[in-house]
Amino acid sequence: MTKISKVSEQEPEKLLIMAAGGLVERGRGPDLRIALVQRQRYHNDLSLPKGKQDPGESLPATALREVYEETGCRVTLGDFAGCVQYFVGDVPKVVLYWKMLPFGDPDAFQPSGEVQQLHWLPPAEALEKITYEDEKELLRRVYKLA
């Protein structure tokens, strides 16, 4: 007989990783730019700012915290933009994204051990340069790009 372990006996992060981030926008119309972070740890990838949820933290709070930690931007939370999902090893990870607008100085970025550069790109250029296909698909949906 196969023994099935109780879900409650497993550590939550081994069942599902929850994360959140943002489509940080500045400018409007043809001047619209979105923030991409470049992380050396992940082979200089370009991605949307995001990160894992802390215990007891709401996902909107995670998004605000992670965007600030990765970009240096204080932001206001806008409309829900969508989610992506993928596996980290054999554990599913779900990342929720919100549109965000910076307030204060959006150029306050300082490189850190996690993020080396912050890029402000038009959505179409971000689509070409972003590393991960799931984030490309999110950009296509949100900004109606081909």
# chains A, B, ... in the order shown; residues from 1 in each chain; ligands from 1
>>> select_by_dssp(residues="chain A", states="strand (DSSP E or B)", output="JSON, numbers by chain")
{"A": [17, 18, 19, 20, 21, 22, 23, 24, 25, 26, 33, 34, 35, 36, 37, 38, 39, 45, 46, 47, 50, 51, 52, 74, 75, 76, 77, 78, 79, 80, 81, 82, 83, 84, 85, 86, 87, 88, 91, 92, 93, 94, 95, 96, 97, 98, 99, 100, 101, 102, 103, 117, 118, 119, 120, 121]}
>>> write_last_selection(atoms="C-alpha atoms", output="PDB file, in the first residue's frame")
ATOM      1  CA  ILE A  17       6.164  29.063  -4.714  1.00  0.00           C
ATOM      2  CA  MET A  18       4.189  32.309  -4.808  1.00  0.00           C
ATOM      3  CA  ALA A  19       5.775  35.498  -6.095  1.00  0.00           C
ATOM      4  CA  ALA A  20       4.749  38.927  -7.328  1.00  0.00           C
ATOM      5  CA  GLY A  21       6.113  41.806  -9.332  1.00  0.00           C
ATOM      6  CA  GLY A  22       5.275  44.665 -11.578  1.00  0.00           C
ATOM      7  CA  LEU A  23       5.085  46.235 -14.969  1.00  0.00           C
ATOM      8  CA  VAL A  24       6.574  49.532 -13.858  1.00  0.00           C
ATOM      9  CA  GLU A  25       5.624  52.202 -16.388  1.00  0.00           C
ATOM     10  CA  ARG A  26       6.810  55.743 -16.960  1.00  0.00           C
ATOM     11  CA  ARG A  33       8.786  52.902 -21.033  1.00  0.00           C
ATOM     12  CA  ILE A  34       8.714  49.833 -18.789  1.00  0.00           C
ATOM     13  CA  ALA A  35      11.363  48.681 -16.329  1.00  0.00           C
ATOM     14  CA  LEU A  36      13.442  45.551 -16.922  1.00  0.00           C
ATOM     15  CA  VAL A  37      16.085  44.382 -14.471  1.00  0.00           C
ATOM     16  CA  GLN A  38      19.347  42.732 -15.442  1.00  0.00           C
ATOM     17  CA  ARG A  39      20.603  40.081 -13.014  1.00  0.00           C
ATOM     18  CA  ASP A  45      18.992  37.933 -17.999  1.00  0.00           C
ATOM     19  CA  LEU A  46      16.529  40.738 -18.581  1.00  0.00           C
ATOM     20  CA  SER A  47      13.269  40.288 -16.739  1.00  0.00           C
ATOM     21  CA  LYS A  50       9.598  40.263  -9.172  1.00  0.00           C
ATOM     22  CA  GLY A  51      10.320  38.104  -6.166  1.00  0.00           C
ATOM     23  CA  LYS A  52       9.076  35.532  -3.698  1.00  0.00           C
ATOM     24  CA  ARG A  74       8.660  53.570  -4.920  1.00  0.00           C
ATOM     25  CA  VAL A  75       5.511  52.729  -6.856  1.00  0.00           C
ATOM     26  CA  THR A  76       1.755  52.843  -6.656  1.00  0.00           C
ATOM     27  CA  LEU A  77      -0.145  49.673  -7.425  1.00  0.00           C
ATOM     28  CA  GLY A  78      -2.381  49.854 -10.484  1.00  0.00           C
ATOM     29  CA  ASP A  79      -4.508  47.297 -12.291  1.00  0.00           C
ATOM     30  CA  PHE A  80      -3.745  43.601 -12.146  1.00  0.00           C
ATOM     31  CA  ALA A  81      -1.753  42.748 -15.285  1.00  0.00           C
ATOM     32  CA  GLY A  82      -1.758  38.944 -15.207  1.00  0.00           C
ATOM     33  CA  CYS A  83       0.265  35.997 -14.052  1.00  0.00           C
ATOM     34  CA  VAL A  84       2.851  33.563 -15.283  1.00  0.00           C
ATOM     35  CA  GLN A  85       3.602  30.083 -14.067  1.00  0.00           C
ATOM     36  CA  TYR A  86       6.553  27.769 -14.422  1.00  0.00           C
ATOM     37  CA  PHE A  87       8.468  25.148 -12.501  1.00  0.00           C
ATOM     38  CA  VAL A  88      11.528  25.638 -10.320  1.00  0.00           C
ATOM     39  CA  VAL A  91       7.932  22.841  -7.664  1.00  0.00           C
ATOM     40  CA  PRO A  92       5.359  25.039  -9.427  1.00  0.00           C
ATOM     41  CA  LYS A  93       5.880  28.792  -9.163  1.00  0.00           C
ATOM     42  CA  VAL A  94       3.153  31.367  -9.796  1.00  0.00           C
ATOM     43  CA  VAL A  95       4.037  35.054 -10.258  1.00  0.00           C
ATOM     44  CA  LEU A  96       1.310  37.709 -10.158  1.00  0.00           C
ATOM     45  CA  TYR A  97       1.975  41.079 -11.819  1.00  0.00           C
ATOM     46  CA  TRP A  98       0.398  44.490 -11.416  1.00  0.00           C
ATOM     47  CA  LYS A  99       0.836  47.614 -13.484  1.00  0.00           C
ATOM     48  CA  MET A 100       2.685  50.205 -11.415  1.00  0.00           C
ATOM     49  CA  LEU A 101       3.603  53.864 -11.616  1.00  0.00           C
ATOM     50  CA  PRO A 102       6.709  55.240  -9.906  1.00  0.00           C
ATOM     51  CA  PHE A 103       6.549  58.277  -7.666  1.00  0.00           C
ATOM     52  CA  GLN A 117      21.234  47.329 -14.193  1.00  0.00           C
ATOM     53  CA  LEU A 118      17.801  48.816 -14.653  1.00  0.00           C
ATOM     54  CA  HIS A 119      16.599  49.375 -18.222  1.00  0.00           C
ATOM     55  CA  TRP A 120      13.669  51.601 -19.242  1.00  0.00           C
ATOM     56  CA  LEU A 121      12.477  50.380 -22.643  1.00  0.00           C
TER      57      LEU A 121
END
>>> select_by_dssp(residues="stretch 45-138 of chain A", states="helix (DSSP H, G or I)", output="MDAnalysis selection string")
chainID A and resid 59:71 123:129 133:138
>>> atom_distance(atom1="atom CA of A:Ala61", atom2="atom CA of A:Pro123")
24.7 Å
